[in-house]
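Colleague: As input, take run_29.cif (mmCIF, C-alpha atoms and all ligand atoms):
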```cif
data_run
#
loop_
_atom_site.label_atom_id
_atom_site.label_comp_id
_atom_site.auth_asym_id
_atom_site.auth_seq_id
_atom_site.Cartn_x
_atom_site.Cartn_y
_atom_site.Cartn_z
CA MET A 1 73.57 110.79 119.99
CA PRO A 2 70.41 108.63 120.27
CA SER A 3 67.13 110.57 120.54
CA THR A 4 64.62 109.94 123.32
CA ALA A 5 61.99 112.11 121.61
CA THR A 6 58.44 110.79 121.39
CA LYS A 7 54.84 111.56 120.39
CA ILE A 8 51.35 111.15 121.84
CA GLY A 9 48.70 111.96 119.25
CA ASN A 10 49.80 115.21 117.60
CA PHE A 11 51.93 116.23 120.58
CA THR A 12 55.70 115.95 120.39
CA PHE A 13 58.13 115.73 123.29
CA ASP A 14 61.92 116.13 123.18
CA ASN A 15 62.25 113.52 125.92
CA CYS A 16 60.03 110.57 126.86
CA LEU A 17 60.64 110.95 130.61
CA MET A 18 58.38 113.00 132.89
CA ASN A 19 56.97 113.00 136.42
CA ALA A 20 54.14 110.70 137.50
CA ALA A 21 51.02 112.44 138.79
CA GLY A 22 51.22 113.07 142.52
CA VAL A 23 54.98 113.62 142.64
CA TYR A 24 56.54 117.08 142.24
CA CYS A 25 53.39 118.61 140.83
CA MET A 26 51.29 120.09 143.66
CA THR A 27 52.33 123.74 143.19
CA LYS A 28 53.33 125.97 140.29
CA ASP A 29 56.84 126.16 141.80
CA GLU A 30 57.26 122.38 141.68
CA LEU A 31 55.82 122.20 138.17
CA ALA A 32 58.17 124.99 137.05
CA GLU A 33 61.13 122.94 138.34
CA VAL A 34 60.05 119.93 136.30
CA GLU A 35 59.50 122.23 133.30
CA ALA A 36 63.06 123.57 133.65
CA SER A 37 64.57 120.08 134.05
CA ALA A 38 65.52 117.47 131.43
CA ALA A 39 61.97 116.04 131.61
CA GLY A 40 60.04 116.14 128.33
CA SER A 41 56.78 117.19 129.99
CA PHE A 42 54.95 117.34 133.28
CA VAL A 43 51.61 116.14 134.59
CA THR A 44 49.85 118.15 137.28
CA LYS A 45 48.64 116.76 140.62
CA THR A 46 45.17 115.31 140.05
CA GLY A 47 42.84 118.28 140.49
CA THR A 48 39.33 118.03 141.87
CA LEU A 49 36.46 120.52 141.50
CA GLU A 50 37.33 122.18 144.83
CA PRO A 51 40.70 122.39 146.60
CA ARG A 52 41.36 119.60 149.16
CA LEU A 53 43.67 119.24 152.14
CA GLY A 54 43.86 115.45 151.77
CA ASN A 55 44.42 112.84 154.48
CA PRO A 56 46.23 113.36 157.82
CA GLU A 57 50.05 112.97 157.94
CA PRO A 58 52.19 110.93 157.84
CA ARG A 59 50.74 109.99 154.46
CA TYR A 60 53.75 109.36 152.15
CA VAL A 61 56.70 107.27 153.34
CA ASN A 62 59.76 106.02 151.45
CA VAL A 63 60.62 102.42 152.31
CA PRO A 64 63.67 100.41 151.21
CA LEU A 65 62.13 99.01 148.00
CA GLY A 66 59.77 101.86 147.12
CA SER A 67 57.07 103.93 148.75
CA ILE A 68 53.64 103.76 150.35
CA ASN A 69 51.17 106.64 150.26
CA SER A 70 47.65 107.58 151.18
CA MET A 71 47.59 111.24 150.23
CA GLY A 72 43.82 111.49 149.76
CA LEU A 73 43.94 113.84 146.77
CA PRO A 74 45.32 116.98 148.38
CA ASN A 75 45.32 119.59 145.60
CA ASN A 76 44.68 123.25 144.83
CA GLY A 77 41.54 122.59 142.78
CA PHE A 78 41.64 121.83 139.05
CA ASN A 79 41.27 125.50 138.07
CA TYR A 80 44.66 126.29 139.65
CA TYR A 81 46.35 123.73 137.37
CA LEU A 82 44.21 124.62 134.35
CA ASP A 83 45.21 128.29 134.68
CA TYR A 84 48.89 127.31 134.87
CA VAL A 85 48.93 125.05 131.80
CA ILE A 86 47.06 127.73 129.82
CA GLU A 87 49.61 130.33 131.01
CA LEU A 88 52.50 128.11 129.83
CA GLN A 89 50.76 127.22 126.58
CA ASN A 90 50.82 130.89 125.64
CA GLN A 91 54.59 131.17 126.13
CA PRO A 92 56.95 130.71 123.16
CA HIS A 93 59.27 127.78 124.04
CA THR A 94 56.96 125.75 126.21
CA LYS A 95 56.72 121.96 126.43
CA ASN A 96 53.45 120.09 125.95
CA HIS A 97 51.73 119.16 129.22
CA PHE A 98 49.25 116.83 130.85
CA LEU A 99 46.49 118.15 133.10
CA SER A 100 45.34 115.42 135.55
CA VAL A 101 41.80 115.62 136.90
CA VAL A 102 39.00 113.62 138.49
CA GLY A 103 35.78 114.46 140.29
CA LEU A 104 34.77 113.04 143.64
CA SER A 105 31.56 112.03 141.87
CA VAL A 106 30.63 111.33 138.27
CA ASP A 107 28.83 114.69 138.15
CA GLU A 108 31.94 116.49 139.34
CA THR A 109 34.06 114.75 136.70
CA HIS A 110 31.70 116.00 133.97
CA LYS A 111 31.68 119.54 135.41
CA ILE A 112 35.48 119.59 135.35
CA LEU A 113 35.77 118.22 131.81
CA GLN A 114 33.06 120.59 130.52
CA THR A 115 35.03 123.50 131.95
CA ILE A 116 38.23 122.28 130.27
CA GLN A 117 36.33 121.73 127.01
CA ASP A 118 35.11 125.36 127.15
CA SER A 119 38.53 126.75 128.14
CA ASP A 120 41.49 127.89 125.99
CA TYR A 121 43.52 124.81 127.00
CA GLN A 122 44.51 122.79 123.93
CA GLY A 123 46.85 120.29 125.61
CA LEU A 124 46.45 116.75 126.91
CA VAL A 125 44.22 115.78 129.82
CA GLU A 126 44.70 112.67 131.95
CA LEU A 127 41.48 111.52 133.62
CA ASN A 128 42.48 109.68 136.79
CA LEU A 129 40.32 106.55 137.06
CA SER A 130 42.52 104.98 139.71
CA CYS A 131 42.92 106.93 142.94
CA PRO A 132 43.06 104.28 145.69
CA ASN A 133 43.13 106.55 148.71
CA VAL A 134 39.88 108.43 149.22
CA PRO A 135 37.92 106.59 151.93
CA GLY A 136 34.61 105.29 150.55
CA LYS A 137 35.54 105.93 146.87
CA PRO A 138 36.62 102.78 145.01
CA GLN A 139 39.07 102.88 142.11
CA ILE A 140 36.75 103.66 139.20
CA ALA A 141 38.61 101.62 136.58
CA TYR A 142 38.01 98.37 138.50
CA ASP A 143 34.32 98.83 137.66
CA PHE A 144 34.04 98.37 133.88
CA GLU A 145 30.35 99.32 133.75
CA THR A 146 30.86 102.67 135.48
CA THR A 147 33.98 103.31 133.40
CA THR A 148 32.03 102.69 130.18
CA GLU A 149 29.22 104.99 131.34
CA ILE A 150 31.58 107.80 132.27
CA LEU A 151 33.56 107.63 129.01
CA THR A 152 30.42 107.35 126.88
CA LYS A 153 29.08 110.57 128.35
CA VAL A 154 32.47 112.32 128.34
CA PHE A 155 32.95 111.75 124.61
CA SER A 156 29.46 113.10 123.88
CA TYR A 157 30.78 116.62 124.63
CA TYR A 158 34.56 116.38 125.04
CA THR A 159 36.52 116.80 121.80
CA LYS A 160 40.03 117.58 123.06
CA PRO A 161 42.81 114.98 123.49
CA LEU A 162 42.10 112.83 126.55
CA GLY A 163 43.68 109.79 128.17
CA VAL A 164 43.07 107.76 131.30
CA LYS A 165 45.27 106.78 134.25
CA LEU A 166 44.66 103.15 135.13
CA PRO A 167 45.18 101.00 138.17
CA PRO A 168 47.11 97.77 137.67
CA TYR A 169 45.09 94.75 136.56
CA PHE A 170 46.18 91.28 137.61
CA ASP A 171 44.17 88.88 135.48
CA ILE A 172 44.32 88.15 131.74
CA VAL A 173 40.51 88.27 131.51
CA HIS A 174 40.56 91.72 133.09
CA PHE A 175 43.14 92.89 130.52
CA ASP A 176 40.79 91.65 127.79
CA GLN A 177 37.71 93.28 129.33
CA ALA A 178 39.45 96.59 130.09
CA ALA A 179 40.96 96.82 126.60
CA ALA A 180 37.55 96.09 125.04
CA VAL A 181 36.14 99.05 127.00
CA PHE A 182 38.92 101.49 126.08
CA ASN A 183 38.95 100.46 122.40
CA GLN A 184 35.39 101.83 122.10
CA PHE A 185 36.60 105.40 122.67
CA PRO A 186 38.83 107.93 120.87
CA LEU A 187 41.37 107.99 123.72
CA ALA A 188 44.78 109.54 123.04
CA PHE A 189 46.49 107.30 125.60
CA VAL A 190 46.20 105.05 128.61
CA ASN A 191 48.68 105.40 131.47
CA CYS A 192 49.69 102.11 133.14
CA VAL A 193 49.94 102.01 136.12
CA ASN A 194 48.87 103.90 139.19
CA SER A 195 50.16 102.58 142.50
CA ILE A 196 49.26 99.03 143.54
CA GLY A 197 46.37 99.96 145.81
CA ASN A 198 46.06 99.27 149.49
CA GLY A 199 49.29 97.58 150.43
CA LEU A 200 50.41 97.51 154.05
CA TYR A 201 53.98 98.24 155.17
CA VAL A 202 54.95 97.15 158.67
CA ASP A 203 57.94 98.59 160.52
CA ASP A 204 58.74 96.75 163.78
CA GLU A 205 55.20 96.35 165.12
CA ALA A 206 53.45 99.29 163.47
CA VAL A 207 52.16 100.76 160.25
CA VAL A 208 54.05 103.74 158.78
CA ILE A 209 51.26 105.99 157.46
CA LYS A 210 48.29 107.33 159.43
CA PRO A 211 45.27 107.21 157.07
CA LYS A 212 43.25 104.01 156.77
CA ASN A 213 45.29 102.34 159.55
CA GLY A 214 48.33 102.09 157.31
CA PHE A 215 46.85 100.86 154.02
CA GLY A 216 48.22 102.76 151.03
CA GLY A 217 49.28 102.75 147.40
CA ILE A 218 52.59 101.00 146.72
CA GLY A 219 55.16 102.41 144.30
CA GLY A 220 58.79 101.79 143.40
CA ASP A 221 60.70 98.53 142.88
CA TYR A 222 57.79 96.43 144.12
CA ILE A 223 55.59 97.37 141.20
CA LYS A 224 57.84 97.23 138.10
CA PRO A 225 56.86 93.71 136.94
CA THR A 226 53.17 94.54 137.39
CA ALA A 227 53.62 97.84 135.54
CA LEU A 228 55.47 96.17 132.63
CA ALA A 229 52.77 93.50 132.39
CA ASN A 230 50.06 96.16 132.17
CA VAL A 231 51.99 98.23 129.61
CA HIS A 232 52.55 95.19 127.41
CA ALA A 233 49.06 93.73 127.86
CA PHE A 234 47.49 96.99 126.68
CA TYR A 235 50.08 97.44 123.93
CA GLN A 236 49.00 94.04 122.58
CA ARG A 237 45.26 94.76 122.87
CA LEU A 238 44.61 98.46 122.19
CA LYS A 239 44.10 99.97 118.75
CA PRO A 240 47.37 101.63 117.65
CA GLU A 241 45.98 105.18 117.92
CA ILE A 242 45.81 104.74 121.71
CA LYS A 243 49.37 105.28 122.97
CA ILE A 244 50.66 103.80 126.22
CA ILE A 245 52.35 105.77 128.97
CA GLY A 246 54.44 103.47 131.18
CA THR A 247 54.63 104.22 134.89
CA GLY A 248 55.90 102.10 137.74
CA GLY A 249 59.26 101.19 139.19
CA VAL A 250 61.42 103.39 136.96
CA LYS A 251 64.62 104.42 138.71
CA THR A 252 67.28 103.61 136.06
CA GLY A 253 67.69 103.92 132.30
CA ARG A 254 67.31 100.15 132.15
CA ASP A 255 63.84 100.40 133.75
CA ALA A 256 62.78 103.07 131.23
CA PHE A 257 64.19 100.91 128.39
CA GLU A 258 62.06 97.96 129.57
CA HIS A 259 58.88 100.07 129.66
CA ILE A 260 59.50 101.22 126.07
CA LEU A 261 60.36 97.68 124.96
CA CYS A 262 56.98 96.62 126.40
CA GLY A 263 55.26 99.34 124.36
CA ALA A 264 55.41 102.64 126.24
CA SER A 265 55.57 105.89 124.25
CA MET A 266 56.28 107.98 127.33
CA VAL A 267 57.66 106.93 130.73
CA GLN A 268 56.73 108.51 134.06
CA ILE A 269 58.77 108.59 137.25
CA GLY A 270 57.14 108.79 140.69
CA THR A 271 58.91 107.23 143.67
CA ALA A 272 62.43 107.78 142.27
CA LEU A 273 61.63 111.45 141.54
CA GLN A 274 60.34 111.88 145.08
CA LYS A 275 63.57 110.35 146.47
CA GLU A 276 66.06 112.05 144.14
CA GLY A 277 64.52 115.31 142.92
CA VAL A 278 64.40 116.63 139.36
CA GLN A 279 68.03 115.67 138.59
CA VAL A 280 66.60 112.16 138.19
CA PHE A 281 65.48 113.09 134.66
CA GLU A 282 68.96 113.91 133.39
CA ARG A 283 70.50 110.84 135.03
CA ILE A 284 67.92 108.39 133.65
CA THR A 285 67.98 110.03 130.20
CA ASP A 286 71.76 109.61 130.08
CA GLU A 287 71.47 105.98 131.18
CA LEU A 288 68.75 105.26 128.61
CA ARG A 289 70.82 106.90 125.84
CA ALA A 290 73.87 104.81 126.81
CA ILE A 291 71.83 101.59 126.50
CA MET A 292 70.46 102.71 123.11
CA GLU A 293 73.93 103.61 121.89
CA GLU A 294 75.34 100.23 122.92
CA LYS A 295 72.52 98.45 121.10
CA GLY A 296 72.75 100.64 118.01
CA TYR A 297 69.31 102.21 118.43
CA SER A 298 68.95 105.84 117.35
CA SER A 299 65.31 106.41 118.30
CA LEU A 300 62.63 104.87 120.52
CA GLU A 301 60.85 103.54 117.40
CA ASP A 302 63.81 101.18 116.89
CA PHE A 303 62.75 99.09 119.89
CA ARG A 304 59.32 100.21 121.15
CA GLY A 305 57.06 97.21 121.67
CA LYS A 306 59.68 94.80 120.33
CA LEU A 307 59.76 92.60 123.41
CA GLN A 308 61.09 89.17 122.45
CA TYR A 309 59.20 85.99 123.38
CA ILE A 310 60.58 82.48 123.76
CA ASP A 311 59.19 80.31 120.90
C1 LIG A 401 46.13 109.92 145.18
C2 LIG A 401 46.78 108.75 144.95
C3 LIG A 401 46.70 108.20 143.72
O1 LIG A 401 47.34 107.05 143.41
C4 LIG A 401 45.95 108.82 142.74
O2 LIG A 401 45.83 108.27 141.52
C5 LIG A 401 45.30 109.98 142.97
C6 LIG A 401 45.40 110.53 144.20
C7 LIG A 401 46.14 110.54 146.49
O3 LIG A 401 46.04 109.82 147.47
O4 LIG A 401 46.20 111.78 146.54
#
```
In structure tokens, write the structure found in this file.

Modeller:
Amino acid sequence: MPSTATKIGNFTFDNCLMNAAGVYCMTKDELAEVEASAAGSFVTKTGTLEPRLGNPEPRYVNVPLGSINSMGLPNNGFNYYLDYVIELQNQPHTKNHFLSVVGLSVDETHKILQTIQDSDYQGLVELNLSCPNVPGKPQIAYDFETTTEILTKVFSYYTKPLGVKLPPYFDIVHFDQAAAVFNQFPLAFVNCVNSIGNGLYVDDEAVVIKPKNGFGGIGGDYIKPTALANVHAFYQRLKPEIKIIGTGGVKTGRDAFEHILCGASMVQIGTALQKEGVQVFERITDELRAIMEEKGYSSLEDFRGKLQYID
């Protein structure tokens, strides 16, 4: 049977599929369900320094081709998630995990990362540079100067494996500039992409979510071509030590296959997991394996990054 096992840095995973941050990861109960499923890992809801209630509801709505959300970073505070991944790390047959964090200010981000640096946690951290939904707080990774400043300071004290969650970029020059920034740092991975920020879904004559008069992050079918473009653009540009996590529009084995073909080492599922629940991991793994079998591939290395161009 083909293997869907993968690696990020020194961390191994029996399966390349996992949840995307924000979906099925707010509480320990939800995280435990992902842990017990066919997923190869989980990432926690992005944790801030203090717990947050987030934006008023309705704030996440499924629509025919995907989803729109403006959650506003509701979470139990990063310490809640840090305690849980440390608890699991000390158990015998645990998976490797991703702890997602960001501060509401640069200072907060450093406080959080200093705490993780000083903790017993030895796993991966995903620094979220791309939340589109907190009023007055722009997506950090669209500002290359601020991003460079933050990462420069982070790597002056942070020595554990760290990656960044990125928003989608839409211009070749921005791919070049962003990759030049990330190549300066010892990142374990970049995760492409967060939701396409600040879309607007209209139903009859009205918006469907309450915060920001209906503007919200778009996920699902709408975003797969943008996600694949970002995965492949960074696969082409980043030094090989920086692995790519592919996120966006994955609801079938074929979608996961395309992310890997474009260069992804791990593939995250958001909107489809929200719609279908944790059984999605087994279904998509089976579908991905069937495609690999038909093509004669026994491991992800057989086709990762091997997207074919037209001469
Ligand atoms: C939220 C949404 C995001 O896309 C993200 O990266 C972080 C947080 C949110 O609204 O909670």

Colleague: Give one line per residue of chain A that approaches ligand LIG 401 (chain A) to at most 10 Å, naming the two atoms of the closest pair and their distance in Å to one decimal, counting all atoms listed in the file; sort by chain then ascending residue number and deliver it as CSV.

Modeller:
```
residue,atom,partner,partner_atom,distance
A:Ala20,CA,A:LIG401,O2,9.5
A:Ala21,CA,A:LIG401,O2,7.2
A:Gly22,CA,A:LIG401,C1,6.6
A:Val23,CA,A:LIG401,O4,9.8
A:Lys45,CA,A:LIG401,C6,7.9
A:Thr46,CA,A:LIG401,C5,6.1
A:Gly47,CA,A:LIG401,C6,9.0
A:Thr48,CA,A:LIG401,C6,9.9
A:Arg52,CA,A:LIG401,O4,9.6
A:Leu53,CA,A:LIG401,O4,9.7
A:Gly54,CA,A:LIG401,O4,6.8
A:Asn55,CA,A:LIG401,O3,7.8
A:Arg59,CA,A:LIG401,O3,8.4
A:Tyr60,CA,A:LIG401,O3,9.0
A:Ile68,CA,A:LIG401,O1,9.9
A:Asn69,CA,A:LIG401,O3,6.6
A:Ser70,CA,A:LIG401,O3,4.6
A:Met71,CA,A:LIG401,O3,3.5
A:Gly72,CA,A:LIG401,O3,3.6
A:Leu73,CA,A:LIG401,O4,3.1
A:Pro74,CA,A:LIG401,O4,5.6
A:Asn75,CA,A:LIG401,O4,7.9
A:Ser100,CA,A:LIG401,C5,9.2
A:Val101,CA,A:LIG401,C5,9.0
A:Val102,CA,A:LIG401,C5,8.5
A:Leu127,CA,A:LIG401,O2,9.6
A:Asn128,CA,A:LIG401,O2,6.0
A:Leu129,CA,A:LIG401,O2,7.3
A:Ser130,CA,A:LIG401,O2,5.0
A:Cys131,CA,A:LIG401,O2,3.5
A:Pro132,CA,A:LIG401,O1,5.6
A:Asn133,CA,A:LIG401,O3,4.5
A:Val134,CA,A:LIG401,O3,6.6
A:Pro135,CA,A:LIG401,O3,9.8
A:Gln139,CA,A:LIG401,O2,8.7
A:Lys165,CA,A:LIG401,O2,7.4
A:Leu166,CA,A:LIG401,O2,8.3
A:Pro167,CA,A:LIG401,O2,8.0
A:Val193,CA,A:LIG401,O2,9.2
A:Asn194,CA,A:LIG401,O1,5.5
A:Ser195,CA,A:LIG401,O1,5.4
A:Ile196,CA,A:LIG401,O1,8.2
A:Gly197,CA,A:LIG401,O1,7.5
A:Asn198,CA,A:LIG401,O1,10.0
A:Pro211,CA,A:LIG401,O3,10.0
A:Gly216,CA,A:LIG401,O3,8.2
A:Gly217,CA,A:LIG401,O1,6.2
A:Ile218,CA,A:LIG401,O1,8.7
A:Gly219,CA,A:LIG401,O1,9.1
```

Colleague: Taking all atoms listed in the file into account, which of A:Met292, A:Val202, A:Leu261, A:Met266 comes nearest A:Ala39?

Modeller: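 Among the listed residues, A:Met266 lies closest to A:Ala39.
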
Colleague: Between atom CA of A:Pro186 and atom CA of A:Phe11, what distance in Å does the model show, to one decimal?

Modeller: 15.5 Å

Colleague: Atom CA of A:Asp311 to atom CA of A:Ile172: how many Å, to one decimal?

Modeller: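 We find that atom CA of A:Asp311 and atom CA of A:Ile172 lie 20.0 Å from each other.
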
Colleague: Could you tell me which of A:Arg304, A:Thr159, A:Val154, A:Asn191 comes closest to A:Ser119 if we count all atoms listed in the file?

Modeller: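 Among the listed residues, the smallest separation from A:Ser119 belongs to A:Thr159.
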
Colleague: Hey, what's within 9 Å of A:Ala229 if we count only C-alpha atoms and toss same-chain stuff fewer than 3 positions away? As a list in words, please?

Modeller: Pro168, Tyr169, Phe170, Lys224, Pro225, Thr226, His232, Ala233, Phe234 and Cys262 of chain A

Colleague: Which one is closest to A:Ser299: A:Thr146, A:Ser156, A:Asn15, A:Asn10? Count all atoms listed in the file.

Modeller: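 Closest to A:Ser299 of all the choices is A:Asn15.
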
Colleague: Rank A:Lys7, A:His93, A:Lys275, A:Lys306 by their smallest atom-to-atom distance to A:Ala36, using all atoms listed in the file, and report the top residue only.

Modeller: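 Comparing A:Lys7, A:His93, A:Lys275, A:Lys306 against A:Ala36, the winner is A:His93.
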
Colleague: One decimal, Å: what's the distance from atom CA of A:Asn183 over to atom CA of A:Lys95, could you say?

Modeller: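 So the two atoms, atom CA of A:Asn183 and atom CA of A:Lys95, lie 28.2 Å apart.
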
Colleague: When you count all atoms listed in the file, which of these residues is closest to A:Val181: A:Phe98, A:Phe144, A:Tyr80, A:Tyr201?

Modeller: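 Ranked by minimum distance to A:Val181, first place goes to A:Phe144.
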
Colleague: Pick the closest to A:Leu300 from A:Ala256, A:Leu273, A:Ala206, A:Val173: which is it, counting only C-alpha atoms?

Modeller: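 Looking at the shortest contact to A:Leu300, the residue is A:Ala256.
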
Colleague: Please provide the set of residues having any atom within 10 Å of stretch 277-286 of chain A, restricted to all atoms listed in the file, with same-chain residues fewer than 6 positions apart removed, written as a PDB file with C-alpha atoms, in the coordinates of the input.

Modeller:
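Output file selection.pdb is given in full below:
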```pdb
ATOM      1  CA  PRO A   2      70.410 108.630 120.270  1.00  0.00           C
ATOM      2  CA  SER A   3      67.130 110.570 120.540  1.00  0.00           C
ATOM      3  CA  THR A   4      64.620 109.940 123.320  1.00  0.00           C
ATOM      4  CA  ASN A  15      62.250 113.520 125.920  1.00  0.00           C
ATOM      5  CA  CYS A  16      60.030 110.570 126.860  1.00  0.00           C
ATOM      6  CA  LEU A  17      60.640 110.950 130.610  1.00  0.00           C
ATOM      7  CA  MET A  18      58.380 113.000 132.890  1.00  0.00           C
ATOM      8  CA  ASN A  19      56.970 113.000 136.420  1.00  0.00           C
ATOM      9  CA  VAL A  23      54.980 113.620 142.640  1.00  0.00           C
ATOM     10  CA  TYR A  24      56.540 117.080 142.240  1.00  0.00           C
ATOM     11  CA  GLU A  30      57.260 122.380 141.680  1.00  0.00           C
ATOM     12  CA  GLU A  33      61.130 122.940 138.340  1.00  0.00           C
ATOM     13  CA  VAL A  34      60.050 119.930 136.300  1.00  0.00           C
ATOM     14  CA  GLU A  35      59.500 122.230 133.300  1.00  0.00           C
ATOM     15  CA  ALA A  36      63.060 123.570 133.650  1.00  0.00           C
ATOM     16  CA  SER A  37      64.570 120.080 134.050  1.00  0.00           C
ATOM     17  CA  ALA A  38      65.520 117.470 131.430  1.00  0.00           C
ATOM     18  CA  ALA A  39      61.970 116.040 131.610  1.00  0.00           C
ATOM     19  CA  GLY A  40      60.040 116.140 128.330  1.00  0.00           C
ATOM     20  CA  VAL A 250      61.420 103.390 136.960  1.00  0.00           C
ATOM     21  CA  LYS A 251      64.620 104.420 138.710  1.00  0.00           C
ATOM     22  CA  THR A 252      67.280 103.610 136.060  1.00  0.00           C
ATOM     23  CA  GLY A 253      67.690 103.920 132.300  1.00  0.00           C
ATOM     24  CA  ARG A 254      67.310 100.150 132.150  1.00  0.00           C
ATOM     25  CA  ASP A 255      63.840 100.400 133.750  1.00  0.00           C
ATOM     26  CA  ALA A 256      62.780 103.070 131.230  1.00  0.00           C
ATOM     27  CA  PHE A 257      64.190 100.910 128.390  1.00  0.00           C
ATOM     28  CA  GLN A 268      56.730 108.510 134.060  1.00  0.00           C
ATOM     29  CA  ILE A 269      58.770 108.590 137.250  1.00  0.00           C
ATOM     30  CA  THR A 271      58.910 107.230 143.670  1.00  0.00           C
ATOM     31  CA  MET A 292      70.460 102.710 123.110  1.00  0.00           C
TER      32      MET A 292
END
```
